[in-house]
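Raw target36.pdb, PDB, C-alpha atoms:
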ATOM      1  CA  MET A1020      19.604 -18.436  -0.849
ATOM      2  CA  THR A1021      19.667 -15.039   0.902
ATOM      3  CA  ASN A1022      17.102 -12.256   0.814
ATOM      4  CA  TRP A1023      18.670  -8.791   0.797
ATOM      5  CA  ILE A1024      17.328  -5.247   1.116
ATOM      6  CA  THR A1025      19.099  -1.937   0.543
ATOM      7  CA  GLN A1026      19.363   0.571   3.381
ATOM      8  CA  PHE A1027      20.561   4.173   3.222
ATOM      9  CA  ASN A1028      22.825   4.931   6.180
ATOM     10  CA  ASP A1029      24.049   8.489   5.692
ATOM     11  CA  VAL A1030      22.665   9.902   8.942
ATOM     12  CA  GLU A1031      24.740  13.086   8.744
ATOM     13  CA  ASP A1032      23.194  13.958   5.396
ATOM     14  CA  ALA A1033      19.646  12.797   6.099
ATOM     15  CA  ASP A1034      18.195  16.192   6.990
ATOM     16  CA  THR A1035      19.301  17.900   3.784
ATOM     17  CA  HIS A1036      19.483  15.067   1.276
ATOM     18  CA  LEU A1037      16.373  12.943   1.639
ATOM     19  CA  SER A1038      13.427  15.328   1.544
ATOM     20  CA  GLY A1039      14.251  16.738   4.947
ATOM     21  CA  GLY A1040      14.674  13.295   6.446
ATOM     22  CA  THR A1041      11.255  11.818   5.567
ATOM     23  CA  ALA A1042      12.575   9.513   2.849
ATOM     24  CA  TYR A1043      15.521   8.555   5.070
ATOM     25  CA  VAL A1044      13.161   7.597   7.902
ATOM     26  CA  ALA A1045      10.880   5.611   5.570
ATOM     27  CA  ASN A1046      13.867   3.814   4.016
ATOM     28  CA  ASN A1047      15.195   2.743   7.399
ATOM     29  CA  MET A1048      11.762   1.720   8.693
ATOM     30  CA  VAL A1049      11.232  -0.628   5.747
ATOM     31  CA  ALA A1050      14.743  -2.067   6.086
ATOM     32  CA  ASP A1051      14.145  -2.762   9.780
ATOM     33  CA  PHE A1052      10.792  -4.451   9.122
ATOM     34  CA  ALA A1053      12.419  -6.555   6.390
ATOM     35  CA  SER A1054      15.241  -7.483   8.759
ATOM     36  CA  SER A1055      12.675  -8.695  11.289
ATOM     37  CA  ILE A1056      11.470 -11.309   8.776
ATOM     38  CA  GLY A1057      14.921 -12.548   7.790
ATOM     39  CA  PHE A1058      16.274 -10.107   5.214
ATOM     40  CA  LYS A1059      19.909  -9.016   5.369
ATOM     41  CA  LYS A1060      20.809  -5.383   4.765
ATOM     42  CA  LEU A1061      22.922  -3.942   1.979
ATOM     43  CA  HIS A1062      24.213  -0.682   3.448
ATOM     44  CA  TYR A1063      25.285   2.334   1.431
ATOM     45  CA  LYS A1064      25.838   6.065   1.823
ATOM     46  CA  ASN A1065      25.423   9.265  -0.149
ATOM     47  CA  PHE A1066      27.356   9.253  -3.423
ATOM     48  CA  LEU A1067      25.981  12.563  -4.712
ATOM     49  CA  ASN A1068      29.474  13.989  -5.263
ATOM     50  CA  LEU A1069      30.333  11.124  -7.644
ATOM     51  CA  GLU A1070      27.976  12.076 -10.468
ATOM     52  CA  ASN A1071      30.797  12.082 -13.030
ATOM     53  CA  ALA A1072      33.005   9.411 -11.441
ATOM     54  CA  GLU A1073      31.931   6.322 -13.382
ATOM     55  CA  LEU A1074      34.842   4.123 -12.318
ATOM     56  CA  ARG A1075      34.442   4.996  -8.632
ATOM     57  CA  CYS A1076      30.674   4.322  -8.799
ATOM     58  CA  LYS A1077      31.390   0.954 -10.417
ATOM     59  CA  GLU A1078      33.820   0.066  -7.613
ATOM     60  CA  LEU A1079      31.321   1.105  -4.939
ATOM     61  CA  ALA A1080      28.507  -0.911  -6.550
ATOM     62  CA  GLU A1081      30.745  -3.977  -6.760
ATOM     63  CA  GLY A1082      31.656  -3.641  -3.097
ATOM     64  CA  MET A1083      28.059  -3.097  -2.009
ATOM     65  CA  LEU A1084      26.847  -6.204  -3.848
ATOM     66  CA  SER A1085      29.914  -8.406  -3.292
ATOM     67  CA  ALA A1086      28.074 -10.889  -1.038
ATOM     68  CA  VAL A1087      25.094 -11.347  -3.377
ATOM     69  CA  GLN A1088      24.853 -14.723  -5.141
ATOM     70  CA  SER A1089      22.948 -15.808  -8.242
ATOM     71  CA  ASP A1090      20.151 -17.536  -6.324
ATOM     72  CA  ASP A1091      19.570 -14.572  -3.984
ATOM     73  CA  VAL A1092      16.787 -11.983  -3.959
ATOM     74  CA  VAL A1093      17.659  -8.290  -3.733
ATOM     75  CA  VAL A1094      14.996  -5.759  -2.742
ATOM     76  CA  VAL A1095      16.042  -2.288  -3.872
ATOM     77  CA  GLN A1096      14.391   0.559  -2.012
ATOM     78  CA  PHE A1097      13.637   2.840  -4.923
ATOM     79  CA  PRO A1098      14.999   5.337  -5.701
ATOM     80  CA  LEU A1099      18.479   4.943  -4.246
ATOM     81  CA  TRP A1100      18.692   8.719  -3.663
ATOM     82  CA  THR A1101      22.273   8.899  -4.922
ATOM     83  CA  ASN A1102      23.037   9.982  -8.519
ATOM     84  CA  LYS A1103      22.309   8.671 -11.996
ATOM     85  CA  THR A1104      25.880   7.469 -12.545
ATOM     86  CA  PHE A1105      25.728   5.297  -9.429
ATOM     87  CA  ASP A1106      22.210   4.116 -10.334
ATOM     88  CA  LEU A1107      23.459   2.759 -13.644
ATOM     89  CA  ALA A1108      26.591   1.198 -12.138
ATOM     90  CA  PHE A1109      24.509  -0.429  -9.407
ATOM     91  CA  PHE A1110      22.005  -1.942 -11.863
ATOM     92  CA  GLU A1111      24.747  -3.163 -14.169
ATOM     93  CA  GLU A1112      26.399  -4.966 -11.257
ATOM     94  CA  LEU A1113      23.057  -6.267  -9.989
ATOM     95  CA  GLU A1114      22.228  -7.733 -13.390
ATOM     96  CA  LYS A1115      25.629  -9.426 -13.550
ATOM     97  CA  LYS A1116      24.670 -11.293 -10.373
ATOM     98  CA  LYS A1117      21.663 -12.844 -12.171
ATOM     99  CA  CYS A1118      19.674 -12.657  -8.930
ATOM    100  CA  LYS A1119      15.992 -11.757  -8.576
ATOM    101  CA  LYS A1120      15.445  -7.992  -8.415
ATOM    102  CA  ILE A1121      12.506  -6.441  -6.539
ATOM    103  CA  ALA A1122      11.793  -2.701  -6.444
ATOM    104  CA  PHE A1123      10.214  -1.357  -3.263
ATOM    105  CA  ILE A1124       8.990   2.047  -4.393
ATOM    106  CA  HIS A1125       9.163   5.013  -2.042
ATOM    107  CA  ASP A1126       8.926   7.729  -4.678
ATOM    108  CA  ILE A1127       8.872   8.051  -8.435
ATOM    109  CA  GLN A1128      10.594  11.351  -9.122
ATOM    110  CA  SER A1129       9.403  11.290 -12.739
ATOM    111  CA  TYR A1130       5.834  11.866 -11.583
ATOM    112  CA  MET A1131       6.709  14.979  -9.590
ATOM    113  CA  GLY A1132       7.187  17.018 -12.761
ATOM    114  CA  ASN A1133       7.361  16.732 -16.531
ATOM    115  CA  TYR A1134       8.819  13.567 -18.028
ATOM    116  CA  ASN A1135       9.099  11.526 -21.218
ATOM    117  CA  LYS A1136       8.021   7.953 -20.545
ATOM    118  CA  ASP A1137      10.334   6.554 -23.222
ATOM    119  CA  THR A1138      13.543   8.244 -22.086
ATOM    120  CA  ASP A1139      12.945   8.836 -18.386
ATOM    121  CA  HIS A1140      15.803   7.580 -16.196
ATOM    122  CA  PHE A1141      13.658   6.272 -13.344
ATOM    123  CA  LEU A1142      11.009   4.561 -15.482
ATOM    124  CA  ASN A1143      13.751   2.849 -17.466
ATOM    125  CA  LEU A1144      15.269   1.582 -14.226
ATOM    126  CA  LEU A1145      11.904   0.249 -13.052
ATOM    127  CA  ARG A1146      11.532  -1.700 -16.304
ATOM    128  CA  ARG A1147      14.680  -3.655 -15.394
ATOM    129  CA  PHE A1148      13.177  -5.227 -12.241
ATOM    130  CA  ASP A1149      11.598  -8.657 -12.011
ATOM    131  CA  ILE A1150       8.914  -7.499  -9.557
ATOM    132  CA  ILE A1151       7.761  -4.094  -8.317
ATOM    133  CA  ILE A1152       6.119  -3.272  -4.981
ATOM    134  CA  ALA A1153       4.102  -0.134  -5.751
ATOM    135  CA  HIS A1154       2.140   2.107  -3.417
ATOM    136  CA  ASN A1155      -1.352   1.173  -4.543
ATOM    137  CA  GLN A1156      -3.470   0.107  -7.513
ATOM    138  CA  LYS A1157      -3.605   3.648  -8.890
ATOM    139  CA  MET A1158       0.168   3.844  -9.035
ATOM    140  CA  ILE A1159       0.245   0.416 -10.685
ATOM    141  CA  ALA A1160      -2.195   1.619 -13.346
ATOM    142  CA  LYS A1161      -0.091   4.731 -13.939
ATOM    143  CA  LEU A1162       3.098   2.695 -14.345
ATOM    144  CA  GLN A1163       1.421   0.217 -16.675
ATOM    145  CA  GLY A1164       0.140   3.127 -18.750
ATOM    146  CA  ASP A1165       3.757   4.252 -19.067
ATOM    147  CA  ASP A1166       4.806   0.838 -20.383
ATOM    148  CA  VAL A1167       6.404  -0.447 -17.191
ATOM    149  CA  ASN A1168       5.379  -4.032 -17.878
ATOM    150  CA  VAL A1169       6.631  -5.792 -14.763
ATOM    151  CA  PRO A1170       4.573  -7.891 -12.292
ATOM    152  CA  MET A1171       3.464  -5.541  -9.507
ATOM    153  CA  ILE A1172       2.159  -5.795  -5.966
ATOM    154  CA  SER A1173       0.124  -3.101  -4.181
ATOM    155  CA  MET A1174       1.261  -2.142  -0.695
ATOM    156  CA  HIS A1175      -1.795   0.064   0.121
ATOM    157  CA  LEU A1176      -0.213   2.000   3.031
ATOM    158  CA  PHE A1177       3.192   2.763   4.434
ATOM    159  CA  ASP A1178       3.864   1.526   7.948
ATOM    160  CA  PHE A1179       4.778   3.808  10.827
ATOM    161  CA  PRO A1180       5.975   2.172  14.069
ATOM    162  CA  ALA A1181       5.460   3.755  17.463
ATOM    163  CA  LYS A1182       8.514   4.250  19.657
ATOM    164  CA  SER A1183       6.430   4.633  22.820
ATOM    165  CA  PRO A1184       2.854   3.831  23.945
ATOM    166  CA  ILE A1185       0.230   6.107  22.394
ATOM    167  CA  SER A1186      -2.764   7.164  24.454
ATOM    168  CA  PRO A1187      -6.170   7.703  22.821
ATOM    169  CA  ARG A1188      -6.617  11.082  21.146
ATOM    170  CA  LYS A1189      -8.978  13.595  22.760
ATOM    171  CA  PHE A1190     -12.098  15.116  21.247
ATOM    172  CA  GLU A1191     -11.026  18.671  20.527
ATOM    173  CA  LYS A1192     -12.042  21.067  17.790
ATOM    174  CA  LYS A1193      -8.664  21.761  16.213
ATOM    175  CA  ILE A1194      -6.733  20.828  13.082
ATOM    176  CA  PHE A1195      -3.085  19.796  12.764
ATOM    177  CA  TRP A1196      -0.894  19.785   9.690
ATOM    178  CA  ILE A1197       2.715  18.597   9.678
ATOM    179  CA  GLY A1198       5.210  18.737   6.849
ATOM    180  CA  MET A1199       8.612  19.842   5.712
ATOM    181  CA  GLY A1200       7.414  22.530   3.366
ATOM    182  CA  ILE A1201      10.032  21.550   0.785
ATOM    183  CA  GLY A1202       8.905  22.741  -2.618
ATOM    184  CA  MET A1203       6.210  24.933  -1.029
ATOM    185  CA  PRO A1204       7.974  27.987   0.434
ATOM    186  CA  HIS A1205       5.028  30.310  -0.251
ATOM    187  CA  VAL A1206       1.715  28.776   0.788
ATOM    188  CA  SER A1207      -1.335  30.961   1.266
ATOM    189  CA  LEU A1208      -4.023  30.122   3.781
ATOM    190  CA  ASP A1209      -5.631  33.543   3.537
ATOM    191  CA  SER A1210      -8.709  31.929   2.003
ATOM    192  CA  TYR A1211      -9.393  30.018   5.226
ATOM    193  CA  ARG A1212     -12.150  31.922   7.021
ATOM    194  CA  GLY A1213     -13.199  29.236   9.495
ATOM    195  CA  LYS A1214     -13.202  29.444  13.285
ATOM    196  CA  THR A1215     -11.643  25.995  13.872
ATOM    197  CA  PRO A1216      -8.010  26.668  14.843
ATOM    198  CA  TRP A1217      -5.194  25.204  12.760
ATOM    199  CA  TYR A1218      -1.777  24.295  14.147
ATOM    200  CA  ILE A1219       0.849  23.897  11.445
ATOM    201  CA  TYR A1220       4.277  22.388  12.124
ATOM    202  CA  THR A1221       6.556  23.012   9.166
ATOM    203  CA  ALA A1222       9.967  24.021   7.874
ATOM    204  CA  ALA A1223       8.383  26.173   5.165
ATOM    205  CA  LYS A1224       9.946  29.626   5.018
ATOM    206  CA  LYS A1225       6.785  31.611   4.482
ATOM    207  CA  ILE A1226       3.119  30.834   4.889
ATOM    208  CA  SER A1227       0.503  33.529   4.488
ATOM    209  CA  HIS A1228      -2.402  32.951   6.869
ATOM    210  CA  GLY A1229      -5.271  34.390   8.858
ATOM    211  CA  ASP A1230      -5.815  34.726  12.600
ATOM    212  CA  ASN A1231      -6.970  31.148  13.238
ATOM    213  CA  VAL A1232      -3.817  29.570  11.798
ATOM    214  CA  LYS A1233      -0.825  29.155  14.114
ATOM    215  CA  ILE A1234       2.587  28.348  12.599
ATOM    216  CA  HIS A1235       5.218  26.404  14.557
ATOM    217  CA  ASP A1236       8.657  25.109  13.738
ATOM    218  CA  LEU A1237       8.814  21.432  12.841
ATOM    219  CA  VAL A1238       9.714  19.191  15.790
ATOM    220  CA  PRO A1239      10.906  15.542  15.987
ATOM    221  CA  ALA A1240       8.294  12.819  15.462
ATOM    222  CA  GLU A1241       8.600  11.738  19.104
ATOM    223  CA  GLU A1242       7.445  15.182  20.269
ATOM    224  CA  LEU A1243       4.555  15.223  17.809
ATOM    225  CA  THR A1244       3.189  12.148  19.573
ATOM    226  CA  HIS A1245       2.367  14.370  22.545
ATOM    227  CA  ILE A1246       1.559  17.577  20.638
ATOM    228  CA  LEU A1247      -1.001  16.005  18.303
ATOM    229  CA  ASP A1248      -3.079  14.851  21.249
ATOM    230  CA  GLY A1249      -6.512  15.222  19.699
ATOM    231  CA  GLY A1250      -8.553  16.869  16.997
ATOM    232  CA  PHE A1251      -7.828  15.988  13.374
ATOM    233  CA  GLY A1252      -4.852  15.557  11.074
ATOM    234  CA  LEU A1253      -5.046  17.428   7.776
ATOM    235  CA  LEU A1254      -3.315  15.656   4.937
ATOM    236  CA  GLU A1255      -3.122  18.050   2.024
ATOM    237  CA  LEU A1256      -1.559  21.482   1.986
ATOM    238  CA  GLN A1257       0.379  21.213  -1.249
ATOM    239  CA  PRO A1258       1.091  23.315  -4.340
ATOM    240  CA  ILE A1259      -0.491  22.413  -7.676
ATOM    241  CA  ARG A1260       2.461  20.401  -8.978
ATOM    242  CA  TRP A1261       1.986  17.838  -6.191
ATOM    243  CA  VAL A1262      -1.729  17.287  -6.763
ATOM    244  CA  ASP A1263      -1.362  14.715  -9.558
ATOM    245  CA  TYR A1264       1.294  12.832  -7.590
ATOM    246  CA  GLY A1265      -0.993  12.753  -4.559
ATOM    247  CA  ALA A1266      -3.568  10.921  -6.671
ATOM    248  CA  ILE A1267      -1.279   7.870  -6.985
ATOM    249  CA  ASN A1268       1.039   7.772  -3.968
ATOM    250  CA  ASN A1269       0.814   6.583  -0.357
ATOM    251  CA  PRO A1270       1.303   9.704   1.768
ATOM    252  CA  PHE A1271       3.718   9.043   4.609
ATOM    253  CA  LYS A1272       1.808  11.668   6.588
ATOM    254  CA  LEU A1273      -1.389   9.613   6.365
ATOM    255  CA  SER A1274       0.412   6.680   7.974
ATOM    256  CA  GLN A1275       1.819   8.967  10.653
ATOM    257  CA  TYR A1276      -1.652  10.235  11.562
ATOM    258  CA  ILE A1277      -3.004   6.666  11.631
ATOM    259  CA  SER A1278      -0.059   5.646  13.816
ATOM    260  CA  LEU A1279      -1.081   8.362  16.284
ATOM    261  CA  GLY A1280      -4.720   7.248  16.168
ATOM    262  CA  LEU A1281      -5.701  10.658  14.796
ATOM    263  CA  PRO A1282      -8.801  11.079  12.568
ATOM    264  CA  VAL A1283      -7.876  12.558   9.190
ATOM    265  CA  ILE A1284      -9.216  15.188   6.828
ATOM    266  CA  VAL A1285      -8.259  14.752   3.166
ATOM    267  CA  SER A1286      -9.237  16.042  -0.258
ATOM    268  CA  SER A1287     -11.039  13.903  -2.825
ATOM    269  CA  ARG A1288      -7.929  14.069  -5.041
ATOM    270  CA  ILE A1289      -5.753  11.732  -2.980
ATOM    271  CA  ALA A1290      -5.529   8.025  -3.750
ATOM    272  CA  HIS A1291      -7.024   6.983  -0.385
ATOM    273  CA  ALA A1292     -10.056   9.293  -0.281
ATOM    274  CA  GLU A1293     -12.694   6.606  -0.929
ATOM    275  CA  TRP A1294     -10.971   4.151   1.420
ATOM    276  CA  ILE A1295     -10.990   6.740   4.225
ATOM    277  CA  LYS A1296     -14.728   7.258   3.758
ATOM    278  CA  GLU A1297     -15.416   3.529   3.601
ATOM    279  CA  GLN A1298     -13.433   2.815   6.764
ATOM    280  CA  LYS A1299     -14.935   5.864   8.531
ATOM    281  CA  ILE A1300     -11.560   7.047   9.838
ATOM    282  CA  GLY A1301     -11.921  10.648   8.696
ATOM    283  CA  PHE A1302     -13.535  13.061   6.260
ATOM    284  CA  VAL A1303     -13.129  14.098   2.647
ATOM    285  CA  VAL A1304     -13.435  17.822   1.868
ATOM    286  CA  ASP A1305     -12.309  19.954  -1.061
ATOM    287  CA  ASP A1306     -12.703  23.344   0.580
ATOM    288  CA  PHE A1307     -10.920  24.224   3.817
ATOM    289  CA  ASN A1308     -13.966  26.256   4.811
ATOM    290  CA  GLU A1309     -16.113  23.108   4.958
ATOM    291  CA  ILE A1310     -14.189  21.961   8.020
ATOM    292  CA  ASP A1311     -16.168  24.099  10.489
ATOM    293  CA  ALA A1312     -19.436  22.353   9.568
ATOM    294  CA  ILE A1313     -17.875  18.921  10.107
ATOM    295  CA  VAL A1314     -16.380  19.827  13.472
ATOM    296  CA  ASP A1315     -19.434  21.744  14.711
ATOM    297  CA  ASN A1316     -21.794  18.852  13.964
ATOM    298  CA  MET A1317     -19.601  16.245  15.649
ATOM    299  CA  THR A1318     -20.173  14.921  19.154
ATOM    300  CA  GLU A1319     -17.630  13.300  21.426
ATOM    301  CA  GLU A1320     -19.413   9.991  20.806
ATOM    302  CA  ASP A1321     -18.975  10.445  17.061
ATOM    303  CA  TYR A1322     -15.292  11.193  17.543
ATOM    304  CA  ASN A1323     -14.732   8.161  19.751
ATOM    305  CA  GLU A1324     -16.385   5.957  17.118
ATOM    306  CA  ILE A1325     -13.796   7.156  14.584
ATOM    307  CA  LEU A1326     -11.032   6.357  17.072
ATOM    308  CA  GLU A1327     -12.343   2.792  17.311
ATOM    309  CA  ASN A1328     -12.388   2.508  13.519
ATOM    310  CA  ILE A1329      -8.751   3.610  13.354
ATOM    311  CA  LYS A1330      -7.482   1.076  15.906
ATOM    312  CA  PRO A1331      -7.002  -1.972  13.619
ATOM    313  CA  TRP A1332      -5.185   0.169  11.041
ATOM    314  CA  GLN A1333      -3.105   1.758  13.778
ATOM    315  CA  LYS A1334      -2.061  -1.685  14.977
ATOM    316  CA  ALA A1335      -1.218  -2.688  11.403
ATOM    317  CA  VAL A1336       1.077   0.278  10.663
ATOM    318  CA  HIS A1337       2.773  -0.121  14.050
ATOM    319  CA  SER A1338       3.620  -3.756  13.320
ATOM    320  CA  GLY A1339       4.950  -3.261   9.777
ATOM    321  CA  TYR A1340       2.102  -5.322   8.374
ATOM    322  CA  PHE A1341       1.983  -3.651   4.954
ATOM    323  CA  ALA A1342       5.713  -3.823   4.219
ATOM    324  CA  LYS A1343       6.019  -7.394   5.473
ATOM    325  CA  HIS A1344       2.955  -8.582   3.570
ATOM    326  CA  ALA A1345       4.170  -6.988   0.327
ATOM    327  CA  LEU A1346       7.639  -8.501   0.760
ATOM    328  CA  PHE A1347       6.209 -11.971   1.397
ATOM    329  CA  GLU A1348       4.000 -11.681  -1.694
ATOM    330  CA  ALA A1349       6.959 -10.548  -3.786
ATOM    331  CA  LEU A1350       9.048 -13.497  -2.584
ATOM    332  CA  LYS A1351       6.257 -15.861  -3.618
ATOM    333  CA  LEU A1352       6.334 -14.390  -7.127
ATOM    334  CA  THR A1353      10.081 -14.958  -7.394
ATOM    335  CA  LYS A1354       9.413 -18.667  -6.978
ATOM    336  CA  GLY A1355       7.039 -18.703  -9.916
TER     337      GLY A1355
END
Show me, as structure tokens, the structure contained in the file I just sent.
Amino acid sequence: MTNWITQFNDVEDADTHLSGGTAYVANNMVADFASSIGFKKLHYKNFLNLENAELRCKELAEGMLSAVQSDDVVVVQFPLWTNKTFDLAFFEELEKKKCKKIAFIHDIQSYMGNYNKDTDHFLNLLRRFDIIIAHNQKMIAKLQGDDVNVPMISMHLFDFPAKSPISPRKFEKKIFWIGMGIGMPHVSLDSYRGKTPWYIYTAAKKISHGDNVKIHDLVPAEELTHILDGGFGLLELQPIRWVDYGAINNPFKLSQYISLGLPVIVSSRIAHAEWIKEQKIGFVVDDFNEIDAIVDNMTEEDYNEILENIKPWQKAVHSGYFAKHALFEALKLTKG
């Protein structure tokens, strides 16, 4: 018996195709962690230009899954980020193999906009799995409410390995926000009247802001390790249509901040708000202008205590703990 996991390998297209590279990076991180515990990779590339080529998609799916046997387990990093024609060809071929099928969810595109739970392409695909690894219990509840009646496992957080040693963050009164800005080309921060400086690294085309907000071009993750050297990481700077999704997903940015050992500031709307308060690794605020009071009342001793609270979680995301644990639990379920 062989355990397999899908991996997207279209490096040339990563920046434009997979949410500015974030989904590509997450996909490859999970595949590498799975490989470290014995999984073999099923490589594939971008088939976006084959939306109407049913026969070609069928041939590609057959080739991709040619080594899979009936007693194997296939973990599908979901979604495949290709096209609906290939999705259907892939699942048809996968079901012919009569192997165990596990979904490792990265995103559920249905929940980023309007959808019909009975006819939605992605929800219908999820119903065809034997086991689903979902982000957290809130996502599981949402899926179950949409009649996705498949055994599910909660991952809790995404992992985020460190490519080089990370020194402790420094106590400084400043706020960082990082993000692609996709889907949010016109963000207004004019309502922020605080004195705590913000440093925003983004690919967004236009952000309206006041004097204490500095906008910078997005830089590679390796450089951010040195730029985000202290202060706090702000999680949410999203348009309304993302708010509901944020209530059920695991933000990759949260894991990135934890990986850097950076205390976080989040809104009460995100899925991890209560956990962040319980673990004392950051603060929950619903008004940007509340940030000054938090920062002004904090001492260096207080800040260093938060850094200590972050350390075990930082070690966990560096090691791939959450992905590996979820994969092991899913494998146990396949054995009944």
| field | A:Gln1156, A:Ser1338, A:Ser1286, A:Gln1128 ranked by distance to Tyr1264 of chain A, top pick (using all atoms listed in the file) | value |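 Of A:Gln1156, A:Ser1338, A:Ser1286, A:Gln1128, the one nearest Tyr1264 of chain A is A:Gln1128, counting all atoms listed in the file.
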| field | Within-10 Å shell of (-9.7, 30.6, 13.4) in input frame, only C-alpha atoms, as a ChimeraX atom specification | value | /A:1193,1211-1217,1229-1233,1311
| Pick from A:Val1092, A:Leu1254, A:Ile1219, A:Ile1152, whichever lies nearest to Leu1061 of chain A using only C-alpha atoms | A:Val1092
| Taking the file as shown, what set of residues would the PyMOL selection byres ((chain A and resi 1332) around 12) give back, as number ranges by chain? | A: 1175-1180, 1273-1282, 1294-1295, 1298-1300, 1325-1331, 1333-1341
| Pick the closest to Asp1091 of chain A from A:Asn1135, A:Thr1021, A:Asn1308, A:Asn1143: which is it, counting only C-alpha atoms? | A:Thr1021
| task | For each of A:His1140, A:Lys1192, A:Arg1075, A:His1125, take the minimum atom-to-atom distance to Met1048 of chain A, counting only C-alpha atoms, then give the residue where this is smallest. | result |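 Checking each of A:His1140, A:Lys1192, A:Arg1075, A:His1125 against Met1048 of chain A, counting only C-alpha atoms, the winner is A:His1125.
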| query | How far is it from atom CA of Val1049 of chain A to atom CA of Glu1081 of chain A, in Å with one decimal? | reply |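 So the answer is 23.4 Å.
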| field | Nearest to Phe1302 of chain A by atom-to-atom distance, counting all atoms listed in the file, from A:Asn1269, A:Phe1347, A:Leu1253, A:Met1171 | value | A:Leu1253
| message | I'd like to see the residues matched by the PyMOL selection byres ((chain A and resi 1119) around 10) on this file, and ideally I'd get them as a ChimeraX atom specification. | response | /A:1022,1088-1094,1113-1114,1116-1118,1120-1121,1148-1150,1350,1353-1354
With C-alpha atoms retained, write the just-selected residues as a PDB file, in the coordinates of the input.
ATOM      1  CA  ASN A1022      17.102 -12.256   0.814  1.00  0.00           C
ATOM      2  CA  GLN A1088      24.853 -14.723  -5.141  1.00  0.00           C
ATOM      3  CA  SER A1089      22.948 -15.808  -8.242  1.00  0.00           C
ATOM      4  CA  ASP A1090      20.151 -17.536  -6.324  1.00  0.00           C
ATOM      5  CA  ASP A1091      19.570 -14.572  -3.984  1.00  0.00           C
ATOM      6  CA  VAL A1092      16.787 -11.983  -3.959  1.00  0.00           C
ATOM      7  CA  VAL A1093      17.659  -8.290  -3.733  1.00  0.00           C
ATOM      8  CA  VAL A1094      14.996  -5.759  -2.742  1.00  0.00           C
ATOM      9  CA  LEU A1113      23.057  -6.267  -9.989  1.00  0.00           C
ATOM     10  CA  GLU A1114      22.228  -7.733 -13.390  1.00  0.00           C
ATOM     11  CA  LYS A1116      24.670 -11.293 -10.373  1.00  0.00           C
ATOM     12  CA  LYS A1117      21.663 -12.844 -12.171  1.00  0.00           C
ATOM     13  CA  CYS A1118      19.674 -12.657  -8.930  1.00  0.00           C
ATOM     14  CA  LYS A1120      15.445  -7.992  -8.415  1.00  0.00           C
ATOM     15  CA  ILE A1121      12.506  -6.441  -6.539  1.00  0.00           C
ATOM     16  CA  PHE A1148      13.177  -5.227 -12.241  1.00  0.00           C
ATOM     17  CA  ASP A1149      11.598  -8.657 -12.011  1.00  0.00           C
ATOM     18  CA  ILE A1150       8.914  -7.499  -9.557  1.00  0.00           C
ATOM     19  CA  LEU A1350       9.048 -13.497  -2.584  1.00  0.00           C
ATOM     20  CA  THR A1353      10.081 -14.958  -7.394  1.00  0.00           C
ATOM     21  CA  LYS A1354       9.413 -18.667  -6.978  1.00  0.00           C
TER      22      LYS A1354
END
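Take the candidates A:Ala1045, A:Ile1267, A:Ala1312, A:Ile1197 and check each one against Leu1237 of chain A using only C-alpha atoms; the shortest distance goes to A:Ile1197.
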| Atom-to-atom span, atom CA of Met1020 of chain A and atom CA of His1154 of chain A, Å | 27.1 Å
